[in-house]
Structure formats: C-alpha cells, structure tokens
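K.L.:
Just target15.cif, nothing more (mmCIF, C-alpha atoms, pLDDT in the B column; chains and numbers go by the auth columns):
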data_start
#
loop_
_atom_site.group_PDB
_atom_site.id
_atom_site.type_symbol
_atom_site.label_atom_id
_atom_site.label_comp_id
_atom_site.label_asym_id
_atom_site.label_seq_id
_atom_site.Cartn_x
_atom_site.Cartn_y
_atom_site.Cartn_z
_atom_site.B_iso_or_equiv
_atom_site.auth_seq_id
_atom_site.auth_asym_id
ATOM 1 C CA MET A 1 -11.713 -3.082 -3.374 75.00 786 A
ATOM 2 C CA LEU A 2 -10.158 0.358 -3.485 91.00 787 A
ATOM 3 C CA SER A 3 -11.753 3.431 -4.991 90.00 788 A
ATOM 4 C CA THR A 4 -10.378 6.814 -6.016 94.00 789 A
ATOM 5 C CA ASP A 5 -13.254 8.507 -4.163 91.00 790 A
ATOM 6 C CA PHE A 6 -10.944 8.947 -1.192 94.00 791 A
ATOM 7 C CA VAL A 7 -12.303 9.384 2.324 95.00 792 A
ATOM 8 C CA THR A 8 -10.616 9.604 5.720 96.00 793 A
ATOM 9 C CA GLY A 9 -8.691 6.439 6.523 97.00 794 A
ATOM 10 C CA ALA A 10 -8.670 5.037 2.991 97.00 795 A
ATOM 11 C CA PRO A 11 -5.403 4.365 1.132 98.00 796 A
ATOM 12 C CA ASN A 12 -4.911 7.320 -1.201 98.00 797 A
ATOM 13 C CA TRP A 13 -1.228 7.171 -2.206 98.00 798 A
ATOM 14 C CA LEU A 14 1.539 4.630 -2.612 98.00 799 A
ATOM 15 C CA ASP A 15 5.232 5.073 -3.230 98.00 800 A
ATOM 16 C CA LEU A 16 8.451 3.108 -3.358 98.00 801 A
ATOM 17 C CA ALA A 17 11.695 4.220 -1.755 97.00 802 A
ATOM 18 C CA SER A 18 14.637 2.712 -3.620 97.00 803 A
ATOM 19 C CA PRO A 19 18.444 3.053 -3.561 95.00 804 A
ATOM 20 C CA ASP A 20 18.471 3.080 -7.379 95.00 805 A
ATOM 21 C CA THR A 21 15.432 4.778 -8.841 95.00 806 A
ATOM 22 C CA ALA A 22 16.507 4.234 -12.457 94.00 807 A
ATOM 23 C CA ALA A 23 16.852 0.485 -11.928 96.00 808 A
ATOM 24 C CA ALA A 24 13.584 0.362 -9.976 97.00 809 A
ATOM 25 C CA ALA A 25 11.763 2.211 -12.740 96.00 810 A
ATOM 26 C CA ASP A 26 13.138 -0.246 -15.287 97.00 811 A
ATOM 27 C CA PHE A 27 12.009 -3.226 -13.190 98.00 812 A
ATOM 28 C CA TYR A 28 8.450 -2.092 -12.556 98.00 813 A
ATOM 29 C CA THR A 29 7.831 -0.791 -16.062 97.00 814 A
ATOM 30 C CA GLY A 30 8.920 -4.203 -17.304 98.00 815 A
ATOM 31 C CA VAL A 31 6.730 -6.127 -14.869 98.00 816 A
ATOM 32 C CA PHE A 32 3.532 -4.062 -15.032 98.00 817 A
ATOM 33 C CA GLY A 33 3.858 -2.142 -18.286 98.00 818 A
ATOM 34 C CA TRP A 34 3.929 1.165 -16.401 98.00 819 A
ATOM 35 C CA ASP A 35 5.453 4.395 -17.652 97.00 820 A
ATOM 36 C CA PHE A 36 7.637 6.499 -15.351 97.00 821 A
ATOM 37 C CA GLN A 37 7.356 10.275 -15.363 96.00 822 A
ATOM 38 C CA SER A 38 9.731 12.491 -13.372 92.00 823 A
ATOM 39 C CA ALA A 39 8.083 15.050 -11.086 88.00 824 A
ATOM 40 C CA GLY A 40 10.654 17.595 -12.258 83.00 825 A
ATOM 41 C CA PRO A 41 14.069 18.968 -11.305 83.00 826 A
ATOM 42 C CA ASP A 42 12.875 20.270 -7.927 81.00 827 A
ATOM 43 C CA ALA A 43 11.400 16.940 -6.798 82.00 828 A
ATOM 44 C CA GLY A 44 14.633 15.314 -5.630 84.00 829 A
ATOM 45 C CA GLY A 45 14.386 12.363 -7.995 87.00 830 A
ATOM 46 C CA TYR A 46 10.721 11.670 -7.212 94.00 831 A
ATOM 47 C CA GLY A 47 8.378 10.658 -10.011 96.00 832 A
ATOM 48 C CA PHE A 48 5.186 8.857 -10.928 97.00 833 A
ATOM 49 C CA PHE A 49 4.361 5.420 -12.287 98.00 834 A
ATOM 50 C CA GLN A 50 1.491 5.683 -14.757 98.00 835 A
ATOM 51 C CA LYS A 51 -0.736 3.257 -16.604 97.00 836 A
ATOM 52 C CA ASN A 52 -2.743 4.548 -19.560 96.00 837 A
ATOM 53 C CA GLY A 53 -1.837 8.082 -18.518 96.00 838 A
ATOM 54 C CA LYS A 54 -3.109 7.753 -14.929 98.00 839 A
ATOM 55 C CA THR A 55 -0.872 7.718 -11.843 98.00 840 A
ATOM 56 C CA VAL A 56 -0.949 4.324 -10.081 98.00 841 A
ATOM 57 C CA ALA A 57 2.081 4.705 -7.759 98.00 842 A
ATOM 58 C CA ALA A 58 5.212 6.785 -7.231 98.00 843 A
ATOM 59 C CA LEU A 59 8.947 6.285 -6.813 98.00 844 A
ATOM 60 C CA GLY A 60 11.686 8.177 -5.027 96.00 845 A
ATOM 61 C CA PRO A 61 15.125 7.695 -3.473 95.00 846 A
ATOM 62 C CA LEU A 62 15.713 6.447 0.054 93.00 847 A
ATOM 63 C CA THR A 63 15.711 9.513 2.289 84.00 848 A
ATOM 64 C CA GLU A 64 15.426 8.252 5.871 82.00 849 A
ATOM 65 C CA GLU A 65 18.603 7.169 7.660 82.00 850 A
ATOM 66 C CA GLY A 66 18.826 3.393 7.958 83.00 851 A
ATOM 67 C CA ALA A 67 15.755 2.850 5.771 86.00 852 A
ATOM 68 C CA SER A 68 15.395 -0.269 3.644 93.00 853 A
ATOM 69 C CA PRO A 69 13.866 -0.371 0.149 97.00 854 A
ATOM 70 C CA ALA A 70 10.104 -0.623 0.663 97.00 855 A
ATOM 71 C CA TRP A 71 6.674 0.350 -0.557 98.00 856 A
ATOM 72 C CA THR A 72 4.778 2.775 1.701 98.00 857 A
ATOM 73 C CA VAL A 73 0.997 2.957 1.872 98.00 858 A
ATOM 74 C CA TYR A 74 -0.480 6.401 2.605 98.00 859 A
ATOM 75 C CA PHE A 75 -3.871 6.912 4.237 98.00 860 A
ATOM 76 C CA GLN A 76 -6.065 9.948 3.794 98.00 861 A
ATOM 77 C CA THR A 77 -6.348 12.414 6.640 98.00 862 A
ATOM 78 C CA PRO A 78 -7.979 15.840 6.874 98.00 863 A
ATOM 79 C CA ASP A 79 -5.158 16.983 9.191 98.00 864 A
ATOM 80 C CA ALA A 80 -1.700 15.408 8.959 98.00 865 A
ATOM 81 C CA ASP A 81 -0.450 17.246 12.044 98.00 866 A
ATOM 82 C CA ALA A 82 -3.335 16.055 14.204 98.00 867 A
ATOM 83 C CA THR A 83 -2.955 12.482 12.967 98.00 868 A
ATOM 84 C CA ALA A 84 0.771 12.498 13.742 98.00 869 A
ATOM 85 C CA LYS A 85 0.019 13.718 17.254 98.00 870 A
ATOM 86 C CA ALA A 86 -2.610 10.994 17.662 98.00 871 A
ATOM 87 C CA VAL A 87 -0.074 8.367 16.566 98.00 872 A
ATOM 88 C CA GLU A 88 2.305 9.462 19.321 98.00 873 A
ATOM 89 C CA GLN A 89 -0.463 9.510 21.903 97.00 874 A
ATOM 90 C CA ALA A 90 -1.445 5.953 20.918 97.00 875 A
ATOM 91 C CA GLY A 91 2.099 4.599 21.303 97.00 876 A
ATOM 92 C CA GLY A 92 3.332 4.925 17.740 98.00 877 A
ATOM 93 C CA THR A 93 6.266 6.904 16.351 98.00 878 A
ATOM 94 C CA VAL A 94 6.474 9.989 14.160 98.00 879 A
ATOM 95 C CA ARG A 95 9.488 9.343 11.934 96.00 880 A
ATOM 96 C CA VAL A 96 9.037 12.524 9.891 96.00 881 A
ATOM 97 C CA GLU A 97 6.905 15.392 11.187 97.00 882 A
ATOM 98 C CA ALA A 98 4.123 16.708 8.967 98.00 883 A
ATOM 99 C CA PHE A 99 5.355 18.925 6.114 98.00 884 A
ATOM 100 C CA ASP A 100 4.022 20.458 2.916 97.00 885 A
ATOM 101 C CA VAL A 101 4.882 18.858 -0.426 94.00 886 A
ATOM 102 C CA MET A 102 4.884 22.025 -2.524 90.00 887 A
ATOM 103 C CA ASP A 103 1.218 22.691 -3.361 94.00 888 A
ATOM 104 C CA ALA A 104 0.351 18.995 -3.677 95.00 889 A
ATOM 105 C CA GLY A 105 -0.581 18.294 -0.052 97.00 890 A
ATOM 106 C CA ARG A 106 0.778 17.669 3.423 98.00 891 A
ATOM 107 C CA MET A 107 2.223 14.400 4.695 98.00 892 A
ATOM 108 C CA ALA A 108 3.816 12.711 7.693 98.00 893 A
ATOM 109 C CA CYS A 109 5.809 9.459 7.979 97.00 894 A
ATOM 110 C CA LEU A 110 4.698 7.264 10.868 98.00 895 A
ATOM 111 C CA THR A 111 5.213 3.876 12.527 98.00 896 A
ATOM 112 C CA ASP A 112 2.497 2.011 14.407 98.00 897 A
ATOM 113 C CA PRO A 113 3.194 0.595 17.905 98.00 898 A
ATOM 114 C CA GLY A 114 3.915 -2.835 16.402 97.00 899 A
ATOM 115 C CA GLY A 115 6.644 -1.514 14.104 97.00 900 A
ATOM 116 C CA ALA A 116 4.829 -1.277 10.746 98.00 901 A
ATOM 117 C CA GLU A 117 5.614 1.888 8.795 98.00 902 A
ATOM 118 C CA PHE A 118 2.986 3.931 6.979 98.00 903 A
ATOM 119 C CA SER A 119 2.309 7.525 5.978 98.00 904 A
ATOM 120 C CA VAL A 120 -0.635 9.905 5.832 98.00 905 A
ATOM 121 C CA TRP A 121 -1.591 12.278 3.045 98.00 906 A
ATOM 122 C CA GLN A 122 -3.633 15.444 3.507 98.00 907 A
ATOM 123 C CA PRO A 123 -4.658 16.304 -0.053 98.00 908 A
ATOM 124 C CA ALA A 124 -4.380 19.733 -1.642 97.00 909 A
ATOM 125 C CA ALA A 125 -3.657 19.979 -5.386 97.00 910 A
ATOM 126 C CA THR A 126 -2.919 16.225 -5.568 96.00 911 A
ATOM 127 C CA LYS A 127 -5.943 14.302 -4.341 97.00 912 A
ATOM 128 C CA GLY A 128 -4.333 10.870 -4.594 98.00 913 A
ATOM 129 C CA LEU A 129 -3.801 8.007 -7.000 98.00 914 A
ATOM 130 C CA GLU A 130 -5.663 8.376 -10.283 98.00 915 A
ATOM 131 C CA ALA A 131 -6.399 4.675 -10.827 98.00 916 A
ATOM 132 C CA THR A 132 -6.988 1.792 -8.402 98.00 917 A
ATOM 133 C CA SER A 133 -8.646 -1.638 -8.478 96.00 918 A
ATOM 134 C CA GLN A 134 -7.889 -2.256 -12.132 96.00 919 A
ATOM 135 C CA GLU A 135 -5.187 -4.255 -13.879 97.00 920 A
ATOM 136 C CA ASP A 136 -1.657 -3.212 -12.873 98.00 921 A
ATOM 137 C CA ALA A 137 -2.905 -0.855 -10.145 98.00 922 A
ATOM 138 C CA LEU A 138 -3.221 -1.009 -6.365 98.00 923 A
ATOM 139 C CA CYS A 139 -6.208 -3.116 -5.320 97.00 924 A
ATOM 140 C CA TRP A 140 -5.594 -4.085 -1.659 97.00 925 A
ATOM 141 C CA ALA A 141 -3.402 -3.103 1.299 98.00 926 A
ATOM 142 C CA GLU A 142 -2.511 -5.753 3.857 98.00 927 A
ATOM 143 C CA LEU A 143 -0.975 -5.313 7.298 98.00 928 A
ATOM 144 C CA HIS A 144 0.970 -8.164 8.864 97.00 929 A
ATOM 145 C CA ALA A 145 1.202 -7.632 12.628 97.00 930 A
ATOM 146 C CA LYS A 146 2.591 -9.606 15.541 96.00 931 A
ATOM 147 C CA ASP A 147 -0.307 -8.482 17.767 96.00 932 A
ATOM 148 C CA VAL A 148 -3.435 -8.338 15.616 96.00 933 A
ATOM 149 C CA PRO A 149 -5.866 -7.052 18.301 97.00 934 A
ATOM 150 C CA ALA A 150 -3.457 -4.284 19.329 98.00 935 A
ATOM 151 C CA ALA A 151 -2.915 -3.236 15.696 98.00 936 A
ATOM 152 C CA LEU A 152 -6.644 -3.169 15.035 98.00 937 A
ATOM 153 C CA SER A 153 -7.258 -1.072 18.148 98.00 938 A
ATOM 154 C CA PHE A 154 -4.559 1.422 17.123 98.00 939 A
ATOM 155 C CA TYR A 155 -5.874 2.011 13.614 98.00 940 A
ATOM 156 C CA ARG A 156 -9.488 2.118 14.774 97.00 941 A
ATOM 157 C CA THR A 157 -8.536 4.899 17.167 96.00 942 A
ATOM 158 C CA LEU A 158 -6.656 6.704 14.395 97.00 943 A
ATOM 159 C CA PHE A 159 -9.061 6.362 11.465 97.00 944 A
ATOM 160 C CA GLY A 160 -12.312 4.829 12.736 97.00 945 A
ATOM 161 C CA TRP A 161 -11.871 1.684 10.635 97.00 946 A
ATOM 162 C CA ARG A 162 -14.432 -1.105 10.718 97.00 947 A
ATOM 163 C CA SER A 163 -13.467 -4.768 10.586 97.00 948 A
ATOM 164 C CA GLN A 164 -14.871 -8.207 9.926 96.00 949 A
ATOM 165 C CA GLU A 165 -13.160 -11.509 10.748 95.00 950 A
ATOM 166 C CA MET A 166 -12.955 -14.320 8.208 91.00 951 A
ATOM 167 C CA GLN A 167 -11.509 -17.790 8.542 86.00 952 A
ATOM 168 C CA ALA A 168 -8.591 -18.443 6.222 79.00 953 A
ATOM 169 C CA PRO A 169 -6.344 -21.512 5.984 75.00 954 A
ATOM 170 C CA GLY A 170 -4.477 -21.709 9.297 80.00 955 A
ATOM 171 C CA MET A 171 -5.505 -18.281 10.614 85.00 956 A
ATOM 172 C CA THR A 172 -8.189 -15.687 11.182 91.00 957 A
ATOM 173 C CA TYR A 173 -8.074 -12.899 8.591 94.00 958 A
ATOM 174 C CA THR A 174 -9.493 -9.461 9.398 97.00 959 A
ATOM 175 C CA VAL A 175 -10.998 -7.462 6.534 97.00 960 A
ATOM 176 C CA LEU A 176 -10.600 -3.696 6.999 98.00 961 A
ATOM 177 C CA SER A 177 -13.054 -1.028 5.837 96.00 962 A
ATOM 178 C CA HIS A 178 -13.031 2.718 6.184 96.00 963 A
ATOM 179 C CA SER A 179 -15.768 4.364 8.218 94.00 964 A
ATOM 180 C CA GLU A 180 -18.097 5.571 5.466 93.00 965 A
ATOM 181 C CA GLY A 181 -20.846 3.775 3.533 92.00 966 A
ATOM 182 C CA ASP A 182 -21.564 0.077 3.161 94.00 967 A
ATOM 183 C CA GLN A 183 -18.938 -1.904 5.048 94.00 968 A
ATOM 184 C CA GLN A 184 -18.277 -4.425 2.277 92.00 969 A
ATOM 185 C CA ASP A 185 -18.061 -1.734 -0.400 93.00 970 A
ATOM 186 C CA ALA A 186 -15.725 0.244 1.868 93.00 971 A
ATOM 187 C CA SER A 187 -13.267 -2.624 2.346 95.00 972 A
ATOM 188 C CA PHE A 188 -9.758 -1.754 1.188 97.00 973 A
ATOM 189 C CA GLY A 189 -7.416 -4.187 2.917 97.00 974 A
ATOM 190 C CA GLY A 190 -6.754 -6.806 5.512 97.00 975 A
ATOM 191 C CA LEU A 191 -4.936 -7.583 8.723 97.00 976 A
ATOM 192 C CA ALA A 192 -3.166 -10.882 9.283 96.00 977 A
ATOM 193 C CA PRO A 193 -0.776 -12.289 11.870 95.00 978 A
ATOM 194 C CA ALA A 194 2.886 -11.970 10.874 94.00 979 A
ATOM 195 C CA GLN A 195 4.184 -15.461 10.124 86.00 980 A
ATOM 196 C CA GLY A 196 7.509 -16.817 11.301 81.00 981 A
ATOM 197 C CA GLY A 197 10.212 -14.186 11.427 83.00 982 A
ATOM 198 C CA MET A 198 8.383 -11.697 9.211 89.00 983 A
ATOM 199 C CA GLU A 199 8.678 -8.117 10.399 94.00 984 A
ATOM 200 C CA PRO A 200 5.430 -6.158 10.806 97.00 985 A
ATOM 201 C CA ARG A 201 4.715 -4.305 7.577 97.00 986 A
ATOM 202 C CA TRP A 202 2.111 -3.116 5.109 98.00 987 A
ATOM 203 C CA ILE A 203 2.118 -4.980 1.787 98.00 988 A
ATOM 204 C CA PRO A 204 0.510 -3.473 -1.341 98.00 989 A
ATOM 205 C CA TYR A 205 -1.347 -5.794 -3.715 98.00 990 A
ATOM 206 C CA PHE A 206 -1.523 -4.993 -7.421 98.00 991 A
ATOM 207 C CA ALA A 207 -4.269 -6.475 -9.582 98.00 992 A
ATOM 208 C CA VAL A 208 -2.985 -8.412 -12.586 98.00 993 A
ATOM 209 C CA ALA A 209 -4.473 -10.321 -15.501 97.00 994 A
ATOM 210 C CA ASP A 210 -2.171 -13.328 -14.990 98.00 995 A
ATOM 211 C CA ALA A 211 -0.363 -13.893 -11.690 98.00 996 A
ATOM 212 C CA ASP A 212 1.926 -16.603 -13.078 98.00 997 A
ATOM 213 C CA ALA A 213 3.030 -14.525 -16.058 98.00 998 A
ATOM 214 C CA THR A 214 3.614 -11.471 -13.867 98.00 999 A
ATOM 215 C CA ALA A 215 5.700 -13.499 -11.407 98.00 1000 A
ATOM 216 C CA GLY A 216 7.700 -14.815 -14.359 98.00 1001 A
ATOM 217 C CA ARG A 217 8.402 -11.309 -15.645 98.00 1002 A
ATOM 218 C CA ALA A 218 9.505 -10.245 -12.166 98.00 1003 A
ATOM 219 C CA GLN A 219 12.060 -13.057 -12.077 98.00 1004 A
ATOM 220 C CA GLU A 220 13.263 -12.251 -15.586 98.00 1005 A
ATOM 221 C CA LYS A 221 13.831 -8.640 -14.511 98.00 1006 A
ATOM 222 C CA GLY A 222 15.943 -9.676 -11.511 98.00 1007 A
ATOM 223 C CA GLY A 223 13.261 -9.863 -8.828 98.00 1008 A
ATOM 224 C CA SER A 224 12.434 -12.829 -6.648 98.00 1009 A
ATOM 225 C CA VAL A 225 9.344 -14.878 -5.808 98.00 1010 A
ATOM 226 C CA LEU A 226 8.732 -14.899 -2.054 96.00 1011 A
ATOM 227 C CA MET A 227 5.536 -16.944 -2.324 96.00 1012 A
ATOM 228 C CA PRO A 228 4.720 -18.653 -5.628 98.00 1013 A
ATOM 229 C CA PRO A 229 1.326 -18.115 -7.252 98.00 1014 A
ATOM 230 C CA ALA A 230 -1.423 -19.978 -5.415 96.00 1015 A
ATOM 231 C CA ASP A 231 -5.207 -19.971 -5.532 94.00 1016 A
ATOM 232 C CA VAL A 232 -7.133 -18.613 -2.547 90.00 1017 A
ATOM 233 C CA PRO A 233 -10.800 -19.655 -2.657 86.00 1018 A
ATOM 234 C CA GLU A 234 -13.196 -16.775 -3.398 85.00 1019 A
ATOM 235 C CA VAL A 235 -10.274 -14.335 -3.514 91.00 1020 A
ATOM 236 C CA GLY A 236 -8.159 -15.190 -6.542 94.00 1021 A
ATOM 237 C CA ARG A 237 -4.621 -16.201 -7.433 97.00 1022 A
ATOM 238 C CA ILE A 238 -1.966 -14.554 -5.292 97.00 1023 A
ATOM 239 C CA ALA A 239 1.826 -14.330 -5.290 98.00 1024 A
ATOM 240 C CA TRP A 240 4.329 -12.441 -3.161 97.00 1025 A
ATOM 241 C CA LEU A 241 7.303 -10.941 -4.981 98.00 1026 A
ATOM 242 C CA ALA A 242 10.294 -8.718 -4.258 98.00 1027 A
ATOM 243 C CA ASP A 243 12.042 -6.307 -6.580 98.00 1028 A
ATOM 244 C CA PRO A 244 15.817 -6.567 -7.202 98.00 1029 A
ATOM 245 C CA HIS A 245 16.514 -4.374 -4.150 97.00 1030 A
ATOM 246 C CA GLY A 246 14.354 -6.498 -1.857 97.00 1031 A
ATOM 247 C CA ALA A 247 11.191 -4.406 -1.567 98.00 1032 A
ATOM 248 C CA PRO A 248 8.275 -6.842 -1.150 98.00 1033 A
ATOM 249 C CA PHE A 249 4.896 -6.513 -2.852 98.00 1034 A
ATOM 250 C CA ALA A 250 2.065 -8.821 -3.842 98.00 1035 A
ATOM 251 C CA ILE A 251 -0.031 -9.468 -6.930 98.00 1036 A
ATOM 252 C CA LEU A 252 -3.600 -10.707 -7.230 98.00 1037 A
ATOM 253 C CA LYS A 253 -5.610 -12.029 -10.121 97.00 1038 A
ATOM 254 C CA PRO A 254 -9.040 -11.477 -8.609 93.00 1039 A
ATOM 255 C CA ALA A 255 -11.511 -14.341 -8.675 90.00 1040 A
ATOM 256 C CA PRO A 256 -14.579 -13.693 -10.860 85.00 1041 A
ATOM 257 C CA ARG A 257 -17.292 -11.946 -8.908 71.00 1042 A
ATOM 258 C CA THR A 258 -20.379 -13.969 -8.153 59.00 1043 A
ATOM 259 C CA THR A 259 -23.810 -12.381 -7.808 53.00 1044 A
#
Translate the structure of the given file into structure tokens.

P.N.:
Amino acid sequence: MLSTDFVTGAPNWLDLASPDTAAAADFYTGVFGWDFQSAGPDAGGYGFFQKNGKTVAALGPLTEEGASPAWTVYFQTPDADATAKAVEQAGGTVRVEAFDVMDAGRMACLTDPGGAEFSVWQPAATKGLEATSQEDALCWAELHAKDVPAALSFYRTLFGWRSQEMQAPGMTYTVLSHSEGDQQDASFGGLAPAQGGMEPRWIPYFAVADADATAGRAQEKGGSVLMPPADVPEVGRIAWLADPHGAPFAILKPAPRTT
C-alpha cells in the first residue's frame, strides 16, 4: 500500500477538479467524514480535504478547456520539466507545461500515449499528502488502459516502475511498484485492461471501514454506484462510485492481512 515516505514515481498528491467545488466538498465530507479547508484567497478556489487534521486529498475548480470532472493522481518527480519533456519524447502529451505553485512545489499536467491523464509533483514546501493507506485516505491507484503492455512500457521509461502479473477473474492484473526497496512493500497501484467502452484513466481507491455503508452514503448524497460492493479474494471488498458530477473513484475495505 501507499506510504507518505515519497520517492520518485510514487503517488504523492491527489486532487479533484469539479464544476461546483462547494457541492463537491459537501458530497465528500458527507461520504468520508472529511473536513474541507480553503487554501486561501489567492488559491483560485483550491483547498484541502483533511481527516483528523491531515491532508488526504485536494479540490479545485475545472481549469482546463473541455475538461470533465475527475480525480487526478500526481506522481513524485525530482524535475517536473524533465519529466514533461520525457512524456513528449515517449509519445504522450503535455497538457499544461511545468509551473511553480507558489512555494509549495512545481507541477505539470500530462497525458500518457493511451489517453490517461495524470500529473507530476516536484515537492518544495509541500511534500505531498499527509496521510495515506488508512481509513478514508488514498490507498491504491489503478490505471485502466486499452494497451496494457504499451502503458507499462511508457511508465517504466518515465519512472522506473517495477511490475508483477497476477491472475484475476477474467484478466491478468499487473501490480505496480516504485523503483526503491522491497518490491512488494513498494507496491502502490495496479494496471488493468480497460473493459468495454471505458476510457483509459487512473482511478484512486480510498480505504474504508465498510464498503457497503460508504456506497450507501454516496447514493444518499447524490452520487451513483458504478460497480456495487463485491469481495475480491485476498484483496478485500471493492466498489466503484461516482460523485454527483460524474467523477469516478473507488473504495476498498482491505482484507485482513495474513502472516
């Protein structure tokens, strides 16, 4: 699972772009019990979701032309400019060139060759999320791609990720790990073939104490259930949800660890 000891290629930030930040804040605080804190009058409506005083995600308005409401996963880089250049050289797209976010860090908005959007974060004053892999916080990042080998090759070139294939019901699932330390301990996400008409995208998973209850709260708050809660052997109970504006995300009640 994810750690807050961020290294190159590991997810280190997560934010939601929404057409109605007030409504989005109300939805997610109701579903996960988060608090929302504005980043201040100079932040353009951007702010932070917190749990027990620690930042677990962020929220801001839609800023890119033609963009749809969506969660964006950020990956750590020591050089946002160099990573953006590498994305272009590998066949991806730089949607927003690298820029400084006040004194917090430097970022760029990117799209991989398969069409999945992501961003990179070069930390300065803000190192990254303050809590991960605990209840109501980010615990996994999953890429759904139409060409799994091509996607894996792209991100390996970019970040040096390691991978391990696992057999899952009806498909081969690829577990992703960053390049440092024990491969299993370094795992942070997965890569799966996009099913049906699903567009390539990164999906954040939030750990929860009760997947069924969380899915119920999401519906009560105006969201929708894209995939109802279901047990995945040795993984846990999973559901896919969407907020009232259509931004998809997933929840996971992790299976008890066995020794």

K.L.:
Using all atoms listed in the file, which protein or nucleic acid residues come within 7 Å of stretch 950-958 of chain A? Drop anything in the same chain fewer than 5 positions from it, and give the result as number ranges by chain.

P.N.:
A: 975-977

K.L.:
Would you kindly translate the PyMOL selection byres ((chain A and resi 839-853) around 10) into the concrete residues it picks from this file, as an NGL selection string?

P.N.:
:A and (797-807 or 809-810 or 819-824 or 828-838 or 854-858 or 880-881 or 894 or 913-919 or 921-923 or 991 or 1030-1032)

K.L.:
List the neighbours of A:Ala1000 out to 12 Å using all atoms listed in the file; skip same-chain residues closer than 3 positions along the sequence, and give me the result as a VMD selection string.

P.N.:
chain A and resid 813 815 to 817 991 993 to 997 1003 to 1015 1022 to 1028 1034 to 1038

K.L.:
Given the file shown, enumerate the residues that the PyMOL selection byres ((chain A and resi 901-903) around 9) captures and present them as a VMD selection string.

P.N.:
chain A and resid 857 to 860 880 893 to 900 904 to 905 928 to 930 984 to 987

K.L.:
Just write the chosen residues, C-alpha atoms, as a PDB file, in the coordinates of the input.

P.N.:
ATOM      1  CA  THR A 857       4.778   2.775   1.701  1.00 98.00           C
ATOM      2  CA  VAL A 858       0.997   2.957   1.872  1.00 98.00           C
ATOM      3  CA  TYR A 859      -0.480   6.401   2.605  1.00 98.00           C
ATOM      4  CA  PHE A 860      -3.871   6.912   4.237  1.00 98.00           C
ATOM      5  CA  ARG A 880       9.488   9.343  11.934  1.00 96.00           C
ATOM      6  CA  ALA A 893       3.816  12.711   7.693  1.00 98.00           C
ATOM      7  CA  CYS A 894       5.809   9.459   7.979  1.00 97.00           C
ATOM      8  CA  LEU A 895       4.698   7.264  10.868  1.00 98.00           C
ATOM      9  CA  THR A 896       5.213   3.876  12.527  1.00 98.00           C
ATOM     10  CA  ASP A 897       2.497   2.011  14.407  1.00 98.00           C
ATOM     11  CA  PRO A 898       3.194   0.595  17.905  1.00 98.00           C
ATOM     12  CA  GLY A 899       3.915  -2.835  16.402  1.00 97.00           C
ATOM     13  CA  GLY A 900       6.644  -1.514  14.104  1.00 97.00           C
ATOM     14  CA  SER A 904       2.309   7.525   5.978  1.00 98.00           C
ATOM     15  CA  VAL A 905      -0.635   9.905   5.832  1.00 98.00           C
ATOM     16  CA  LEU A 928      -0.975  -5.313   7.298  1.00 98.00           C
ATOM     17  CA  HIS A 929       0.970  -8.164   8.864  1.00 97.00           C
ATOM     18  CA  ALA A 930       1.202  -7.632  12.628  1.00 97.00           C
ATOM     19  CA  GLU A 984       8.678  -8.117  10.399  1.00 94.00           C
ATOM     20  CA  PRO A 985       5.430  -6.158  10.806  1.00 97.00           C
ATOM     21  CA  ARG A 986       4.715  -4.305   7.577  1.00 97.00           C
ATOM     22  CA  TRP A 987       2.111  -3.116   5.109  1.00 98.00           C
TER      23      TRP A 987
END

K.L.:
What does the distance between atom CA of A:Leu937 and atom CA of A:Ala867 come to in Å, to one decimal place?

P.N.:
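Those two atoms sit 19.5 Å apart.
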
K.L.:
List the residues selected by the PyMOL selection byres ((chain A and resi 870-872) around 9) in the file shown, writing them as a PyMOL selection string.

P.N.:
chain A and resi 865-869+873-879+895-898+939+942-943

K.L.:
Which residue out of A:Pro863, A:Thr999, A:Ala1040, A:Glu1019 has the minimum interatomic distance to A:Thr814 when all atoms listed in the file are used?

P.N.:
A:Thr999

K.L.:
Please report the interatomic distance between atom CA of A:Asp967 and atom CA of A:Val792 in Å with one decimal.

P.N.:
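One can read the atom CA of A:Asp967 to atom CA of A:Val792 distance as 13.2 Å.
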
K.L.:
For atom CA of A:Ala795 and atom CA of A:Phe973, determine how far apart the two atoms are, in Å to one decimal place.

P.N.:
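That distance, rounded to one decimal, is 7.1 Å.
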
K.L.:
With 4 Å of padding per side, what axis-aligned box (centre and edge lengths, Å, one decimal) covers all the listed atoms of stretch 942-945 of chain A? Give it as lines of an AutoDock Vina configuration file.

P.N.:
center_x = -9.5
center_y = 5.8
center_z = 14.3
size_x = 13.7
size_y = 9.9
size_z = 13.7

K.L.:
Rank A:Gln861, A:Phe884, A:Arg941, A:Arg1002 by their smallest atom-to-atom distance to A:Gly818, using all atoms listed in the file, and report the top residue only.

P.N.:
A:Arg1002

K.L.:
Give the answer as one residue: which of A:Pro1039, A:Gly1001, A:Gly966, A:Gly825 has the shortest atom-to-atom distance to A:Trp946, using all atoms listed in the file?

P.N.:
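Distance minimum relative to A:Trp946 lands on A:Gly966.
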